[in-house]
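> So that we are looking at the same thing, I have put the structure below in structure tokens.
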Amino acid sequence: MELEVIEEQLNGLDGGVLEVGYNEEAKAHLLLLHPEKKGDEISIWVDGKLKNKMMDALTLKELDQNDIFVLENLKKLVCMYTGDVIAALAYAKNDSEFNLVWKELENKNLILQKLATWALEQEDTIS
């Protein structure tokens, strides 16, 4: 996963891309910052909780009440589909009421990003 970072988010940085990886053996996430204009790449290994806090801090958009409602309902469906985010979303979109709400949402990508992150963290308990 990659997240663009703008200048205002990190002092002294011209912007860049934050790349997030995961190592199954280490059970840790690698955060790798590629500066846009100057400087060396910076990387750090972190646990899931710290990675989520950092990603939330760097996310410019906030979820509103409707977004959170949709996210929480999708989480329940993901559990029903044993961690399969795509199947859960497909099932939800077959519901006409959900589909209308989904079409009106502006933060679909952020909701899906948070849902996928959550599903990966829950993988052992969902399966």
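Naming scheme: A, B, ... for chains in displayed order of the structure tokens; residues 1 onward per chain; ligands 1 onward as shown.
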Within chain A, find each residue whose DSSP state, derived from the backbone, is alpha helix (DSSP H), and express the selection as a ChimeraX atom specification.
/A:48-58,65-80,85-94,96-104,108-121,123-126
> Do you have, as a Markdown table, the list of residues of range 11-78 of chain A lying at most 9 Å from range 100-119 of chain A, each with its nearest atom pair and that distance in Å to one decimal, counting only C-alpha atoms and ordered by chain then number?

```
| residue | atom | partner | partner_atom | distance |
| --- | --- | --- | --- | --- |
| A:Asn52 | CA | A:Thr117 | CA | 8.4 |
| A:Thr59 | CA | A:Leu110 | CA | 8.7 |
| A:Lys61 | CA | A:Asn107 | CA | 7.9 |
| A:Glu62 | CA | A:Asn107 | CA | 8.5 |
| A:Leu63 | CA | A:Asn107 | CA | 7.2 |
| A:Asp64 | CA | A:Asn107 | CA | 8.9 |
| A:Asn66 | CA | A:Leu105 | CA | 7.9 |
| A:Asp67 | CA | A:Ile111 | CA | 6.9 |
| A:Ile68 | CA | A:Ile111 | CA | 8.0 |
| A:Val70 | CA | A:Trp102 | CA | 7.9 |
| A:Leu71 | CA | A:Ile111 | CA | 6.1 |
| A:Glu72 | CA | A:Leu115 | CA | 8.7 |
| A:Leu74 | CA | A:Leu115 | CA | 7.5 |
| A:Lys75 | CA | A:Leu115 | CA | 6.7 |
| A:Val78 | CA | A:Ala119 | CA | 7.4 |
```
> Which distance in Å separates CA of Leu32 in chain A and CA of Ile44 in chain A, to one decimal?
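A separation of 6.7 Å between them.
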> Return the single residue from A:Lys51, A:Glu36, A:Glu41, A:Thr82 that is closest to Val20 in chain A, with distances computed using only C-alpha atoms.
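Closest to Val20 in chain A of all the choices is A:Lys51.
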> Mind the document's chain letters and residue numbers, and return as a PyMOL selection string the residues of chain A that DSSP labels strand (DSSP E).
chain A and resi 2-5+16-23+28-35+42-46
> Name all residues at most 12 Å from Tyr91 in chain A (count only C-alpha atoms; drop same-chain ones fewer than 3 positions away) and give them as a list in words.
Asn73, Leu74, Lys76, Leu77, Val78, Met80, Tyr81, Asp84, Val85, Ile86, Ala87, Ala88, Asn94, Asp95, Ser96, Phe98 and Asn99 of chain A
> For the selection you just gave me, I'd like the residues written to a file as an mmCIF file, in the first residue's frame, keeping N, CA and C atoms.

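Output contents, as saved in out.cif:
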```cif
data_model
loop_
_atom_site.group_PDB
_atom_site.id
_atom_site.type_symbol
_atom_site.label_atom_id
_atom_site.label_comp_id
_atom_site.auth_asym_id
_atom_site.auth_seq_id
_atom_site.Cartn_x
_atom_site.Cartn_y
_atom_site.Cartn_z
ATOM 1 N N ASN A 73 -20.547 -1.886 9.264
ATOM 2 C CA ASN A 73 -21.394 -2.921 8.670
ATOM 3 C C ASN A 73 -20.591 -3.835 7.747
ATOM 4 N N LEU A 74 -19.645 -3.260 7.022
ATOM 5 C CA LEU A 74 -18.804 -4.084 6.160
ATOM 6 C C LEU A 74 -17.916 -5.008 6.990
ATOM 7 N N LYS A 76 -18.716 -6.438 9.759
ATOM 8 C CA LYS A 76 -19.560 -7.579 10.151
ATOM 9 C C LYS A 76 -19.678 -8.577 9.000
ATOM 10 N N LEU A 77 -19.845 -8.051 7.787
ATOM 11 C CA LEU A 77 -19.955 -8.930 6.622
ATOM 12 C C LEU A 77 -18.644 -9.657 6.340
ATOM 13 N N VAL A 78 -17.530 -8.967 6.522
ATOM 14 C CA VAL A 78 -16.232 -9.600 6.303
ATOM 15 C C VAL A 78 -16.081 -10.789 7.250
ATOM 16 N N MET A 80 -18.528 -12.617 8.386
ATOM 17 C CA MET A 80 -19.417 -13.660 7.855
ATOM 18 C C MET A 80 -18.769 -14.387 6.677
ATOM 19 N N TYR A 81 -17.967 -13.663 5.893
ATOM 20 C CA TYR A 81 -17.312 -14.236 4.723
ATOM 21 C C TYR A 81 -15.869 -14.633 5.014
ATOM 22 N N ASP A 84 -13.026 -12.434 3.591
ATOM 23 C CA ASP A 84 -13.033 -12.095 2.165
ATOM 24 C C ASP A 84 -13.712 -10.731 1.958
ATOM 25 N N VAL A 85 -12.892 -9.688 1.831
ATOM 26 C CA VAL A 85 -13.387 -8.319 1.691
ATOM 27 C C VAL A 85 -14.194 -8.150 0.407
ATOM 28 N N ILE A 86 -13.718 -8.738 -0.686
ATOM 29 C CA ILE A 86 -14.395 -8.596 -1.979
ATOM 30 C C ILE A 86 -15.780 -9.230 -1.931
ATOM 31 N N ALA A 87 -15.877 -10.428 -1.374
ATOM 32 C CA ALA A 87 -17.172 -11.108 -1.283
ATOM 33 C C ALA A 87 -18.133 -10.329 -0.389
ATOM 34 N N ALA A 88 -17.618 -9.786 0.703
ATOM 35 C CA ALA A 88 -18.462 -9.010 1.621
ATOM 36 C C ALA A 88 -19.001 -7.760 0.931
ATOM 37 N N ASN A 94 -25.350 -5.833 -3.283
ATOM 38 C CA ASN A 94 -26.589 -6.435 -3.789
ATOM 39 C C ASN A 94 -27.805 -5.925 -3.025
ATOM 40 N N ASP A 95 -27.593 -5.385 -1.838
ATOM 41 C CA ASP A 95 -28.672 -4.785 -1.068
ATOM 42 C C ASP A 95 -28.913 -3.383 -1.619
ATOM 43 N N SER A 96 -30.122 -3.128 -2.108
ATOM 44 C CA SER A 96 -30.397 -1.858 -2.788
ATOM 45 C C SER A 96 -30.211 -0.652 -1.863
ATOM 46 N N PHE A 98 -28.144 -0.392 0.780
ATOM 47 C CA PHE A 98 -26.702 -0.196 0.953
ATOM 48 C C PHE A 98 -26.101 0.398 -0.312
ATOM 49 N N ASN A 99 -26.496 -0.110 -1.465
ATOM 50 C CA ASN A 99 -25.934 0.353 -2.727
ATOM 51 C C ASN A 99 -26.191 1.845 -2.943
#
```
> Go ahead and compute the interatomic distance for CA of Asp47 in chain A and CA of Lys27 in chain A, in Å to one decimal.
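CA of Lys27 in chain A lies 7.4 Å from CA of Asp47 in chain A.
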> In Å, with one decimal, what is the gap from CA of Leu50 in chain A to CA of Tyr22 in chain A?
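Distance between the two atoms: 13.1 Å.
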> Return the single residue from A:Ala92, A:Lys38, A:Ser43, A:Thr125 that is closest to Glu19 in chain A, with distances computed using only C-alpha atoms.
A:Ser43
> Let me make sure I understand: among A:Glu121, A:Asp56, A:Asp40, A:Glu97, which one has the smallest atom-to-atom distance to Gly83 in chain A if we use only C-alpha atoms?
A:Glu121
